file model19.cif (mmCIF, C-alpha atoms)
data_my_file
loop_
_atom_site.group_PDB
_atom_site.id
_atom_site.type_symbol
_atom_site.label_atom_id
_atom_site.label_comp_id
_atom_site.auth_asym_id
_atom_site.auth_seq_id
_atom_site.Cartn_x
_atom_site.Cartn_y
_atom_site.Cartn_z
ATOM 1 C CA LEU A 1 116.874 89.334 132.063
ATOM 2 C CA ALA A 2 120.230 90.251 130.571
ATOM 3 C CA ASP A 3 121.494 90.956 134.082
ATOM 4 C CA ARG A 4 121.141 87.234 134.836
ATOM 5 C CA LEU A 5 123.655 86.388 132.107
ATOM 6 C CA ASP A 6 127.118 87.507 131.233
ATOM 7 C CA VAL A 7 126.211 88.484 127.657
ATOM 8 C CA SER A 8 126.893 91.284 125.259
ATOM 9 C CA ARG A 9 124.155 93.883 125.024
ATOM 10 C CA GLY A 10 124.611 93.708 121.248
ATOM 11 C CA LEU A 11 122.854 90.367 120.796
ATOM 12 C CA THR A 12 119.820 90.173 118.541
ATOM 13 C CA HIS A 13 116.531 89.140 120.158
ATOM 14 C CA LEU A 14 116.923 85.607 118.788
ATOM 15 C CA GLU A 15 120.566 85.302 119.841
ATOM 16 C CA PHE A 16 119.609 86.460 123.327
ATOM 17 C CA TYR A 17 116.794 83.908 123.531
ATOM 18 C CA HIS A 18 119.116 81.060 122.499
ATOM 19 C CA LYS A 19 121.817 82.177 124.957
ATOM 20 C CA TYR A 20 119.270 82.529 127.748
ATOM 21 C CA ARG A 21 117.694 79.162 126.961
ATOM 22 C CA THR A 22 121.009 77.315 126.935
ATOM 23 C CA THR A 23 122.327 79.034 130.066
ATOM 24 C CA ILE A 24 119.274 79.416 132.290
ATOM 25 C CA GLY A 25 117.379 76.586 130.646
ATOM 26 C CA GLU A 26 119.819 74.109 132.165
ATOM 27 C CA ASP A 27 118.159 74.946 135.470
ATOM 28 C CA LYS A 28 115.264 72.488 135.498
ATOM 29 C CA THR A 29 113.249 74.253 138.187
ATOM 30 C CA SER A 30 109.722 75.204 137.258
ATOM 31 C CA ASP A 31 110.555 78.929 137.561
ATOM 32 C CA ALA A 32 113.421 78.649 135.075
ATOM 33 C CA THR A 33 111.314 76.580 132.673
ATOM 34 C CA THR A 34 108.463 79.087 132.905
ATOM 35 C CA THR A 35 110.822 81.996 132.242
ATOM 36 C CA VAL A 36 112.324 80.309 129.185
ATOM 37 C CA GLU A 37 108.843 79.509 127.835
ATOM 38 C CA ARG A 38 107.667 83.094 128.345
ATOM 39 C CA LEU A 39 110.763 84.430 126.621
ATOM 40 C CA ARG A 40 110.112 82.048 123.708
ATOM 41 C CA VAL A 41 106.544 83.352 123.325
ATOM 42 C CA VAL A 42 107.740 86.970 123.316
ATOM 43 C CA THR A 43 110.634 86.240 120.944
ATOM 44 C CA ASP A 44 108.471 84.282 118.503
ATOM 45 C CA ALA A 45 105.805 86.992 118.447
ATOM 46 C CA TYR A 46 108.403 89.703 117.893
ATOM 47 C CA GLU A 47 110.013 87.758 115.066
ATOM 48 C CA ARG A 48 106.693 87.139 113.313
ATOM 49 C CA ALA A 49 105.585 90.755 113.711
ATOM 50 C CA THR A 50 108.896 92.153 112.522
ATOM 51 C CA PHE A 51 109.974 89.802 109.773
ATOM 52 C CA THR A 52 106.794 88.591 108.080
ATOM 53 C CA GLN A 53 104.316 90.334 105.828
ATOM 54 C CA GLN A 54 101.369 88.889 107.743
ATOM 55 C CA THR A 55 99.368 90.922 110.212
ATOM 56 C CA THR A 56 99.858 89.821 113.796
ATOM 57 C CA PRO A 57 96.570 88.700 115.319
ATOM 58 C CA THR A 58 95.448 90.695 118.344
ATOM 59 C CA GLU A 59 95.434 87.543 120.475
ATOM 60 C CA THR A 60 99.088 86.829 119.611
ATOM 61 C CA ALA A 61 100.120 90.377 120.444
ATOM 62 C CA GLN A 62 98.191 90.324 123.728
ATOM 63 C CA LEU A 63 99.722 86.978 124.729
ATOM 64 C CA ALA A 64 103.209 88.326 123.986
ATOM 65 C CA LEU A 65 102.530 91.447 126.064
ATOM 66 C CA ASP A 66 101.128 89.385 128.938
ATOM 67 C CA GLN A 67 104.216 87.172 128.920
ATOM 68 C CA ALA A 68 106.554 90.180 128.688
ATOM 69 C CA TYR A 69 104.938 91.773 131.760
ATOM 70 C CA ARG A 70 105.324 88.499 133.643
ATOM 71 C CA LEU A 71 108.953 88.172 132.563
ATOM 72 C CA LEU A 72 109.685 91.633 133.889
ATOM 73 C CA ASP A 73 107.534 91.048 136.982
ATOM 74 C CA ILE A 74 105.607 94.269 136.502
ATOM 75 C CA ASP A 75 101.909 94.978 136.698
ATOM 76 C CA GLN A 76 99.994 95.176 133.467
ATOM 77 C CA PRO A 77 98.317 98.487 132.725
ATOM 78 C CA ALA A 78 94.545 98.531 133.048
ATOM 79 C CA SER A 79 92.684 97.756 129.863
ATOM 80 C CA GLY A 80 92.484 100.883 127.743
ATOM 81 C CA ALA A 81 95.138 102.706 129.767
ATOM 82 C CA ASP A 82 97.651 104.939 128.024
ATOM 83 C CA THR A 83 100.809 102.823 127.777
ATOM 84 C CA THR A 84 103.026 105.367 126.050
ATOM 85 C CA ALA A 85 106.289 106.106 127.788
ATOM 86 C CA GLN A 86 106.441 109.271 129.839
ATOM 87 C CA THR A 87 109.715 111.150 130.143
ATOM 88 C CA ASP A 88 110.805 113.766 132.612
ATOM 89 C CA ASP A 89 112.182 116.866 130.940
#
call {"tool": "encode", "arguments": {"input": "model19.cif", "output": "structure tokens"}}
result
Amino acid sequence: LADRLDVSRGLTHLEFYHKYRTTIGEDKTSDATTTVERLRVVTDAYERATFTQQTTPTETAQLALDQAYRLLDIDQPASGADTTAQTDD
């Protein structure tokens, strides 16, 4: 998503969301609106999980993951699949 904007890579997640929303959000097409809404869901879930003492409900985490996969236009792993990153040594 950052490639769509001329922004510093040093932005916080919330700063990036606001920059994205104000730049791309001006595009009133349904695709742009959907992307901004998905980014909001992911950003809100990340903020709650990171900066509150409350446990994140499974449903909230799953929704955030679903929206993140859609934002990145990648297939979701099968339920129960190992989602840890693999590196080539």
call {"tool": "atom_distance", "arguments": {"input": "model19.cif", "atom1": "atom CA of Asp66 of chain A", "atom2": "atom CA of Gly10 of chain A"}}
result
25.1 Å
call {"tool": "residues_around", "arguments": {"input": "model19.cif", "residues": "segment 32-46 of chain A", "least_positions_apart": "3", "cutoff": "12 Å", "atoms": "only C-alpha atoms", "output": "ChimeraX atom specification"}}
result
/A:1-2,4,12-29,49-52,54-73
call {"tool": "axis_aligned_box", "arguments": {"input": "model19.cif", "around": "segment 64-75 of chain A", "padding_each_side": "4 Å", "output": "AutoDock Vina command-line options"}}
result
--center_x 105.4 --center_y 91.1 --center_z 130.5 --size_x 16.6 --size_y 15.8 --size_z 21.0
